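Dropping final23.txt in here (compact mmCIF, N, CA and C atoms):
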# COMPACT_ATOMS: atom_id res chain seq x y z
N MET A 1 -127.22 120.28 58.49
CA MET A 1 -125.95 119.67 58.83
C MET A 1 -125.94 118.22 58.35
N ALA A 2 -124.92 117.83 57.69
CA ALA A 2 -124.80 116.48 57.17
C ALA A 2 -124.45 115.50 58.29
N THR A 3 -124.96 114.30 58.16
CA THR A 3 -124.67 113.25 59.13
C THR A 3 -123.42 112.51 58.69
N THR A 4 -122.48 112.37 59.61
CA THR A 4 -121.27 111.63 59.28
C THR A 4 -121.47 110.16 59.58
N ASP A 5 -120.60 109.32 59.03
CA ASP A 5 -120.67 107.89 59.28
C ASP A 5 -120.52 107.60 60.77
N SER A 6 -119.64 108.32 61.44
CA SER A 6 -119.42 108.05 62.86
C SER A 6 -120.65 108.43 63.69
N GLU A 7 -121.36 109.52 63.31
CA GLU A 7 -122.60 109.88 64.01
C GLU A 7 -123.65 108.81 63.80
N GLU A 8 -123.72 108.29 62.58
CA GLU A 8 -124.69 107.23 62.27
C GLU A 8 -124.36 105.97 63.08
N GLN A 9 -123.08 105.62 63.18
CA GLN A 9 -122.67 104.45 63.96
C GLN A 9 -123.03 104.62 65.43
N ILE A 10 -122.84 105.83 65.97
CA ILE A 10 -123.19 106.08 67.36
C ILE A 10 -124.69 105.90 67.56
N ARG A 11 -125.49 106.44 66.66
CA ARG A 11 -126.94 106.29 66.78
C ARG A 11 -127.35 104.83 66.68
N ARG A 12 -126.78 104.10 65.74
CA ARG A 12 -127.09 102.67 65.61
C ARG A 12 -126.72 101.93 66.89
N HIS A 13 -125.57 102.27 67.43
CA HIS A 13 -125.14 101.64 68.68
C HIS A 13 -126.11 101.97 69.81
N ASP A 14 -126.55 103.22 69.91
CA ASP A 14 -127.50 103.62 70.95
C ASP A 14 -128.82 102.86 70.82
N VAL A 15 -129.30 102.70 69.59
CA VAL A 15 -130.55 101.95 69.36
C VAL A 15 -130.35 100.50 69.77
N PHE A 16 -129.22 99.91 69.39
CA PHE A 16 -128.91 98.53 69.75
C PHE A 16 -128.90 98.37 71.27
N VAL A 17 -128.19 99.26 71.96
CA VAL A 17 -128.09 99.18 73.42
C VAL A 17 -129.46 99.32 74.06
N ASN A 18 -130.26 100.27 73.56
CA ASN A 18 -131.60 100.48 74.09
C ASN A 18 -132.46 99.23 73.92
N LEU A 19 -132.41 98.61 72.75
CA LEU A 19 -133.17 97.39 72.51
C LEU A 19 -132.69 96.26 73.40
N ALA A 20 -131.38 96.07 73.49
CA ALA A 20 -130.84 95.00 74.34
C ALA A 20 -131.25 95.21 75.80
N GLU A 21 -131.24 96.45 76.27
CA GLU A 21 -131.67 96.72 77.65
C GLU A 21 -133.14 96.37 77.86
N GLU A 22 -133.98 96.72 76.90
CA GLU A 22 -135.40 96.40 77.03
C GLU A 22 -135.62 94.89 76.99
N LEU A 23 -134.90 94.19 76.12
CA LEU A 23 -135.01 92.73 76.08
C LEU A 23 -134.52 92.12 77.38
N GLN A 24 -133.49 92.69 77.97
CA GLN A 24 -132.98 92.19 79.25
C GLN A 24 -134.08 92.27 80.32
N ILE A 25 -134.79 93.38 80.34
CA ILE A 25 -135.89 93.55 81.30
C ILE A 25 -137.03 92.58 80.99
N GLN A 26 -137.43 92.53 79.74
CA GLN A 26 -138.61 91.74 79.35
C GLN A 26 -138.37 90.24 79.33
N ARG A 27 -137.15 89.83 79.02
CA ARG A 27 -136.86 88.39 78.89
C ARG A 27 -135.95 87.91 80.01
N SER A 28 -135.95 88.59 81.13
CA SER A 28 -135.21 88.20 82.33
C SER A 28 -133.71 88.07 82.10
N GLY A 29 -133.15 88.92 81.27
CA GLY A 29 -131.71 88.97 81.08
C GLY A 29 -131.10 87.82 80.33
N VAL A 30 -131.91 87.04 79.66
CA VAL A 30 -131.40 85.87 78.97
C VAL A 30 -130.99 86.22 77.54
N HIS A 31 -129.69 86.35 77.29
CA HIS A 31 -129.13 86.53 75.95
C HIS A 31 -129.70 87.76 75.22
N SER A 32 -129.91 88.85 75.92
CA SER A 32 -130.53 90.03 75.31
C SER A 32 -129.70 90.63 74.19
N ALA A 33 -128.40 90.69 74.34
CA ALA A 33 -127.56 91.26 73.28
C ALA A 33 -127.59 90.39 72.03
N LYS A 34 -127.57 89.08 72.21
CA LYS A 34 -127.62 88.16 71.07
C LYS A 34 -128.96 88.29 70.34
N MET A 35 -130.05 88.42 71.10
CA MET A 35 -131.36 88.58 70.48
C MET A 35 -131.43 89.90 69.70
N ALA A 36 -130.92 90.98 70.28
CA ALA A 36 -130.92 92.27 69.60
C ALA A 36 -130.10 92.19 68.31
N GLU A 37 -128.97 91.54 68.39
CA GLU A 37 -128.12 91.35 67.20
C GLU A 37 -128.88 90.60 66.12
N ASN A 38 -129.58 89.53 66.48
CA ASN A 38 -130.36 88.75 65.52
C ASN A 38 -131.47 89.59 64.89
N LEU A 39 -132.12 90.42 65.71
CA LEU A 39 -133.21 91.24 65.19
C LEU A 39 -132.71 92.24 64.16
N PHE A 40 -131.57 92.86 64.40
CA PHE A 40 -131.03 93.81 63.43
C PHE A 40 -130.45 93.10 62.21
N ARG A 41 -129.91 91.92 62.38
CA ARG A 41 -129.38 91.16 61.25
C ARG A 41 -130.50 90.81 60.27
N TYR A 42 -131.70 90.58 60.77
CA TYR A 42 -132.85 90.19 59.94
C TYR A 42 -133.42 91.39 59.16
N GLU A 43 -132.90 92.58 59.38
CA GLU A 43 -133.46 93.78 58.75
C GLU A 43 -133.25 93.90 57.25
N GLU A 44 -132.43 93.11 56.64
CA GLU A 44 -132.19 93.26 55.20
C GLU A 44 -133.50 93.15 54.43
N GLY A 45 -133.88 94.24 53.78
CA GLY A 45 -135.15 94.29 53.05
C GLY A 45 -136.34 94.59 53.95
N ARG A 46 -136.06 94.83 55.21
CA ARG A 46 -137.09 95.10 56.21
C ARG A 46 -136.60 96.18 57.15
N ASP A 47 -137.54 96.83 57.82
CA ASP A 47 -137.21 97.77 58.88
C ASP A 47 -137.80 97.25 60.18
N LEU A 48 -136.98 97.16 61.20
CA LEU A 48 -137.48 96.79 62.52
C LEU A 48 -138.32 97.95 63.04
N VAL A 49 -139.55 97.66 63.41
CA VAL A 49 -140.48 98.68 63.89
C VAL A 49 -140.57 98.64 65.40
N GLY A 50 -140.72 97.43 65.97
CA GLY A 50 -140.86 97.34 67.42
C GLY A 50 -140.90 95.90 67.91
N ILE A 51 -141.16 95.78 69.21
CA ILE A 51 -141.25 94.48 69.88
C ILE A 51 -142.61 94.40 70.56
N ASP A 52 -143.30 93.28 70.39
CA ASP A 52 -144.65 93.15 70.96
C ASP A 52 -144.63 93.17 72.48
N ASP A 53 -145.81 93.26 73.07
CA ASP A 53 -145.94 93.43 74.52
C ASP A 53 -145.43 92.25 75.34
N GLU A 54 -145.26 91.09 74.74
CA GLU A 54 -144.73 89.94 75.46
C GLU A 54 -143.24 89.71 75.15
N ALA A 55 -142.69 90.58 74.32
CA ALA A 55 -141.28 90.51 73.90
C ALA A 55 -140.93 89.14 73.30
N GLN A 56 -141.88 88.57 72.59
CA GLN A 56 -141.67 87.29 71.92
C GLN A 56 -141.63 87.43 70.40
N ARG A 57 -142.21 88.54 69.90
CA ARG A 57 -142.28 88.76 68.46
C ARG A 57 -141.78 90.16 68.11
N ALA A 58 -141.04 90.22 67.02
CA ALA A 58 -140.58 91.51 66.49
C ALA A 58 -141.52 91.92 65.37
N ILE A 59 -141.76 93.21 65.27
CA ILE A 59 -142.60 93.76 64.22
C ILE A 59 -141.68 94.38 63.17
N TYR A 60 -141.84 93.95 61.93
CA TYR A 60 -141.02 94.45 60.82
C TYR A 60 -141.92 95.01 59.72
N TYR A 61 -141.41 96.04 59.07
CA TYR A 61 -142.03 96.55 57.86
C TYR A 61 -141.24 96.00 56.69
N GLU A 62 -141.88 95.18 55.87
CA GLU A 62 -141.22 94.59 54.70
C GLU A 62 -141.42 95.53 53.52
N THR A 63 -140.33 96.14 53.08
CA THR A 63 -140.41 97.21 52.10
C THR A 63 -140.90 96.74 50.72
N ALA A 64 -140.48 95.59 50.26
CA ALA A 64 -140.88 95.12 48.93
C ALA A 64 -142.38 94.84 48.84
N SER A 65 -142.93 94.21 49.86
CA SER A 65 -144.35 93.87 49.85
C SER A 65 -145.22 94.92 50.51
N ARG A 66 -144.56 95.95 51.11
CA ARG A 66 -145.26 97.00 51.83
C ARG A 66 -146.19 96.42 52.89
N SER A 67 -145.66 95.44 53.63
CA SER A 67 -146.43 94.73 54.64
C SER A 67 -145.79 94.86 56.01
N LEU A 68 -146.62 94.78 57.01
CA LEU A 68 -146.16 94.76 58.39
C LEU A 68 -146.36 93.34 58.90
N VAL A 69 -145.30 92.74 59.45
CA VAL A 69 -145.37 91.36 59.92
C VAL A 69 -144.81 91.26 61.34
N ALA A 70 -145.31 90.27 62.06
CA ALA A 70 -144.78 89.93 63.38
C ALA A 70 -144.06 88.61 63.25
N VAL A 71 -142.84 88.54 63.80
CA VAL A 71 -142.00 87.35 63.63
C VAL A 71 -141.46 86.93 64.99
N GLN A 72 -141.57 85.63 65.30
CA GLN A 72 -141.03 85.07 66.54
C GLN A 72 -139.50 85.19 66.52
N PHE A 73 -138.91 85.39 67.70
CA PHE A 73 -137.46 85.44 67.79
C PHE A 73 -137.00 84.94 69.16
N ASP A 74 -135.74 84.52 69.20
CA ASP A 74 -135.09 84.17 70.46
C ASP A 74 -133.58 84.30 70.26
N LYS A 75 -132.80 83.75 71.16
CA LYS A 75 -131.33 83.89 71.07
C LYS A 75 -130.75 83.18 69.84
N HIS A 76 -131.49 82.25 69.26
CA HIS A 76 -131.00 81.50 68.11
C HIS A 76 -131.28 82.21 66.79
N GLY A 77 -132.21 83.14 66.79
CA GLY A 77 -132.50 83.87 65.56
C GLY A 77 -133.94 84.32 65.46
N VAL A 78 -134.29 84.74 64.25
CA VAL A 78 -135.62 85.19 63.91
C VAL A 78 -136.24 84.10 63.05
N TYR A 79 -137.44 83.69 63.40
CA TYR A 79 -138.08 82.55 62.74
C TYR A 79 -139.04 83.02 61.66
N ALA A 80 -138.51 83.23 60.46
CA ALA A 80 -139.29 83.76 59.34
C ALA A 80 -140.48 82.88 59.01
N GLY A 81 -140.36 81.59 59.24
CA GLY A 81 -141.46 80.67 58.96
C GLY A 81 -142.63 80.83 59.92
N GLU A 82 -142.40 81.54 61.01
CA GLU A 82 -143.45 81.74 62.00
C GLU A 82 -143.88 83.20 62.02
N ARG A 83 -144.03 83.77 60.84
CA ARG A 83 -144.43 85.18 60.77
C ARG A 83 -145.93 85.31 60.56
N GLU A 84 -146.45 86.39 61.09
CA GLU A 84 -147.88 86.68 60.98
C GLU A 84 -148.04 88.01 60.27
N LEU A 85 -148.86 88.03 59.24
CA LEU A 85 -149.14 89.27 58.52
C LEU A 85 -150.06 90.13 59.39
N LEU A 86 -149.63 91.35 59.68
CA LEU A 86 -150.44 92.27 60.48
C LEU A 86 -151.23 93.23 59.60
N GLN A 87 -150.57 93.71 58.53
CA GLN A 87 -151.25 94.61 57.60
C GLN A 87 -150.45 94.67 56.32
N ARG A 88 -151.16 94.77 55.21
CA ARG A 88 -150.47 94.89 53.93
C ARG A 88 -150.89 96.18 53.24
N GLY A 89 -150.14 96.56 52.22
CA GLY A 89 -150.44 97.75 51.46
C GLY A 89 -150.10 99.05 52.17
N LEU A 90 -149.06 99.02 53.01
CA LEU A 90 -148.65 100.23 53.73
C LEU A 90 -147.50 100.91 53.02
N ASP A 91 -147.62 102.20 52.83
CA ASP A 91 -146.48 102.96 52.30
C ASP A 91 -145.54 103.34 53.43
N ASP A 92 -146.07 103.41 54.64
CA ASP A 92 -145.31 103.82 55.81
C ASP A 92 -146.02 103.23 57.03
N PRO A 93 -145.32 102.55 57.93
CA PRO A 93 -145.97 101.94 59.08
C PRO A 93 -146.32 102.91 60.21
N THR A 94 -146.09 104.19 60.02
CA THR A 94 -146.31 105.16 61.08
C THR A 94 -147.74 105.14 61.62
N ALA A 95 -148.73 105.09 60.74
CA ALA A 95 -150.13 105.08 61.20
C ALA A 95 -150.42 103.83 62.03
N TRP A 96 -149.85 102.70 61.63
CA TRP A 96 -150.04 101.47 62.41
C TRP A 96 -149.43 101.63 63.80
N VAL A 97 -148.25 102.20 63.88
CA VAL A 97 -147.59 102.42 65.17
C VAL A 97 -148.43 103.36 66.03
N GLU A 98 -148.98 104.41 65.43
CA GLU A 98 -149.84 105.32 66.19
C GLU A 98 -151.04 104.60 66.77
N ALA A 99 -151.62 103.68 66.00
CA ALA A 99 -152.81 102.96 66.45
C ALA A 99 -152.51 101.82 67.42
N HIS A 100 -151.36 101.17 67.28
CA HIS A 100 -151.05 99.96 68.05
C HIS A 100 -149.82 100.08 68.94
N GLY A 101 -149.20 101.23 68.97
CA GLY A 101 -147.95 101.41 69.71
C GLY A 101 -148.06 101.12 71.19
N SER A 102 -149.22 101.31 71.77
CA SER A 102 -149.36 101.04 73.21
C SER A 102 -149.25 99.56 73.51
N GLY A 103 -149.35 98.71 72.50
CA GLY A 103 -149.21 97.27 72.68
C GLY A 103 -147.80 96.78 72.43
N LEU A 104 -146.85 97.69 72.31
CA LEU A 104 -145.46 97.33 72.08
C LEU A 104 -144.63 97.73 73.29
N VAL A 105 -143.65 96.92 73.65
CA VAL A 105 -142.77 97.27 74.76
C VAL A 105 -141.58 98.09 74.30
N TRP A 106 -141.28 98.05 73.00
CA TRP A 106 -140.18 98.82 72.45
C TRP A 106 -140.55 99.22 71.04
N ILE A 107 -140.26 100.48 70.70
CA ILE A 107 -140.47 100.98 69.35
C ILE A 107 -139.16 101.58 68.87
N HIS A 108 -138.79 101.26 67.65
CA HIS A 108 -137.57 101.82 67.08
C HIS A 108 -137.68 103.34 67.11
N PRO A 109 -136.59 104.04 67.46
CA PRO A 109 -136.65 105.51 67.54
C PRO A 109 -137.15 106.20 66.27
N ARG A 110 -137.00 105.57 65.11
CA ARG A 110 -137.51 106.22 63.89
C ARG A 110 -139.02 106.35 63.94
N TYR A 111 -139.68 105.59 64.83
CA TYR A 111 -141.14 105.65 64.99
C TYR A 111 -141.57 106.08 66.40
N SER A 112 -140.63 106.26 67.31
CA SER A 112 -140.98 106.48 68.72
C SER A 112 -141.69 107.79 68.99
N ASN A 113 -141.57 108.77 68.12
CA ASN A 113 -142.29 110.03 68.33
C ASN A 113 -143.78 109.88 68.08
N THR A 114 -144.19 108.74 67.53
CA THR A 114 -145.58 108.58 67.15
C THR A 114 -146.40 107.83 68.18
N ALA A 115 -145.77 107.27 69.21
CA ALA A 115 -146.53 106.49 70.18
C ALA A 115 -145.92 106.64 71.56
N GLY A 116 -146.71 106.40 72.57
CA GLY A 116 -146.26 106.61 73.93
C GLY A 116 -145.81 105.36 74.64
N THR A 117 -144.89 104.61 74.09
CA THR A 117 -144.36 103.46 74.78
C THR A 117 -142.95 103.74 75.24
N ARG A 118 -142.39 102.83 76.00
CA ARG A 118 -141.04 103.01 76.51
C ARG A 118 -140.03 102.82 75.40
N THR A 119 -139.23 103.82 75.20
CA THR A 119 -138.05 103.71 74.35
C THR A 119 -137.02 104.66 74.91
N GLN A 120 -135.80 104.41 74.63
CA GLN A 120 -134.65 105.21 75.04
C GLN A 120 -134.77 105.65 76.45

So that I can check it, write out the structure of this file as structure tokens.
Amino acid sequence: MATTDSEEQIRRHDVFVNLAEELQIQRSGVHSAKMAENLFRYEEGRDLVGIDDEAQRAIYYETASRSLVAVQFDKHGVYAGERELLQRGLDDPTAWVEAHGSGLVWIHPRYSNTAGTRTQ
């Protein structure tokens, strides 16, 4: 069955709501929707993988460099200058999520079947 644009929009909205709810819990309800919006806005050329256990850094897979990075974020945005390289030379971050997923408070649903953390 083909996916329609409206089905894709619903799924994107559900992922956004799920992330904002988790940020609300982890960051005491301070600007969770704005932070979620900033995290998804930063995805150009990257895939959001998850949020670290302290909900202070987002984990992204950078497609061009095939690298996994952790980046600080808050209500003002994502701080690319404060990124930490976690692993390079990855064709797919799934194995990393399987190994480190228990240290994340949120995992994007595209990877959530691979680790036992809270999502959706």

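Going from CA of Gly45 in chain A over to CA of Leu19 in chain A, you cover 19.8 Å.
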
Find the residues near Glu62 in chain A: any atom within 12 Å, counting only C-alpha atoms, skip ones fewer than 6 places away on the same chain, and give them as an mmCIF file with N, CA and C atoms, keeping the file's coordinate frame.
data_model
loop_
_atom_site.group_PDB
_atom_site.id
_atom_site.type_symbol
_atom_site.label_atom_id
_atom_site.label_comp_id
_atom_site.auth_asym_id
_atom_site.auth_seq_id
_atom_site.Cartn_x
_atom_site.Cartn_y
_atom_site.Cartn_z
ATOM 1 N N TYR A 42 -131.700 90.580 60.770
ATOM 2 C CA TYR A 42 -132.850 90.190 59.940
ATOM 3 C C TYR A 42 -133.420 91.390 59.160
ATOM 4 N N GLU A 43 -132.900 92.580 59.380
ATOM 5 C CA GLU A 43 -133.460 93.780 58.750
ATOM 6 C C GLU A 43 -133.250 93.900 57.250
ATOM 7 N N GLU A 44 -132.430 93.110 56.640
ATOM 8 C CA GLU A 44 -132.190 93.260 55.200
ATOM 9 C C GLU A 44 -133.500 93.150 54.430
ATOM 10 N N GLY A 45 -133.880 94.240 53.780
ATOM 11 C CA GLY A 45 -135.150 94.290 53.050
ATOM 12 C C GLY A 45 -136.340 94.590 53.950
ATOM 13 N N ARG A 46 -136.060 94.830 55.210
ATOM 14 C CA ARG A 46 -137.090 95.100 56.210
ATOM 15 C C ARG A 46 -136.600 96.180 57.150
ATOM 16 N N ASP A 47 -137.540 96.830 57.820
ATOM 17 C CA ASP A 47 -137.210 97.770 58.880
ATOM 18 C C ASP A 47 -137.800 97.250 60.180
ATOM 19 N N LEU A 48 -136.980 97.160 61.200
ATOM 20 C CA LEU A 48 -137.480 96.790 62.520
ATOM 21 C C LEU A 48 -138.320 97.950 63.040
ATOM 22 N N VAL A 49 -139.550 97.660 63.410
ATOM 23 C CA VAL A 49 -140.480 98.680 63.890
ATOM 24 C C VAL A 49 -140.570 98.640 65.400
ATOM 25 N N LEU A 68 -146.620 94.780 57.010
ATOM 26 C CA LEU A 68 -146.160 94.760 58.390
ATOM 27 C C LEU A 68 -146.360 93.340 58.900
ATOM 28 N N VAL A 69 -145.300 92.740 59.450
ATOM 29 C CA VAL A 69 -145.370 91.360 59.920
ATOM 30 C C VAL A 69 -144.810 91.260 61.340
ATOM 31 N N ALA A 70 -145.310 90.270 62.060
ATOM 32 C CA ALA A 70 -144.780 89.930 63.380
ATOM 33 C C ALA A 70 -144.060 88.610 63.250
ATOM 34 N N VAL A 71 -142.840 88.540 63.800
ATOM 35 C CA VAL A 71 -142.000 87.350 63.630
ATOM 36 C C VAL A 71 -141.460 86.930 64.990
ATOM 37 N N ALA A 80 -138.510 83.230 60.460
ATOM 38 C CA ALA A 80 -139.290 83.760 59.340
ATOM 39 C C ALA A 80 -140.480 82.880 59.010
ATOM 40 N N ARG A 83 -144.030 83.770 60.840
ATOM 41 C CA ARG A 83 -144.430 85.180 60.770
ATOM 42 C C ARG A 83 -145.930 85.310 60.560
ATOM 43 N N LEU A 85 -148.860 88.030 59.240
ATOM 44 C CA LEU A 85 -149.140 89.270 58.520
ATOM 45 C C LEU A 85 -150.060 90.130 59.390
ATOM 46 N N LEU A 86 -149.630 91.350 59.680
ATOM 47 C CA LEU A 86 -150.440 92.270 60.480
ATOM 48 C C LEU A 86 -151.230 93.230 59.600
ATOM 49 N N GLN A 87 -150.570 93.710 58.530
ATOM 50 C CA GLN A 87 -151.250 94.610 57.600
ATOM 51 C C GLN A 87 -150.450 94.670 56.320
ATOM 52 N N ARG A 88 -151.160 94.770 55.210
ATOM 53 C CA ARG A 88 -150.470 94.890 53.930
ATOM 54 C C ARG A 88 -150.890 96.180 53.240
ATOM 55 N N GLY A 89 -150.140 96.560 52.220
ATOM 56 C CA GLY A 89 -150.440 97.750 51.460
ATOM 57 C C GLY A 89 -150.100 99.050 52.170
ATOM 58 N N LEU A 90 -149.060 99.020 53.010
ATOM 59 C CA LEU A 90 -148.650 100.230 53.730
ATOM 60 C C LEU A 90 -147.500 100.910 53.020
ATOM 61 N N ASP A 91 -147.620 102.200 52.830
ATOM 62 C CA ASP A 91 -146.480 102.960 52.300
ATOM 63 C C ASP A 91 -145.540 103.340 53.430
ATOM 64 N N ASP A 92 -146.070 103.410 54.640
ATOM 65 C CA ASP A 92 -145.310 103.820 55.810
ATOM 66 C C ASP A 92 -146.020 103.230 57.030
ATOM 67 N N PRO A 93 -145.320 102.550 57.930
ATOM 68 C CA PRO A 93 -145.970 101.940 59.080
ATOM 69 C C PRO A 93 -146.320 102.910 60.210
#

Counting all atoms listed in the file, what are the residues of range 42-109 of chain A within 8 Å of range 30-37 of chain A, and for each of them which pair of atoms is the nearest and at what distance in Å, to one decimal? Sort the table by chain and rising number, as a tab-separated table.
residue	atom	partner	partner_atom	distance
A:Tyr42	N	A:Glu37	C	6.0
A:Phe73	C	A:Met35	CA	6.8
A:Asp74	C	A:Met35	CA	4.8
A:Lys75	CA	A:Met35	N	4.7
A:His76	N	A:Met35	CA	6.4
A:Gly77	N	A:Met35	CA	6.6
A:Val78	N	A:Met35	CA	7.9

note = Shortest contact to Pro109 in chain A, candidates A:Gly81, A:Ala20, A:Val15, A:Thr63, atoms counted all atoms listed in the file, goes to A:Val15

query = If you measure from atom C of Ile107 in chain A to CA of Ile51 in chain A, what distance in Å do you get, rounded to one decimal?
reply = 7.5 Å

Counting only C-alpha atoms, the option among A:Gln72, A:Tyr60, A:Glu82, A:Asp53 closest to Gly101 in chain A = A:Asp53

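In this comparison, which uses all atoms listed in the file, the residue of A:Ala55, A:Val97, A:Ala64, A:Leu39 approaching Arg27 in chain A most closely is A:Ala55.
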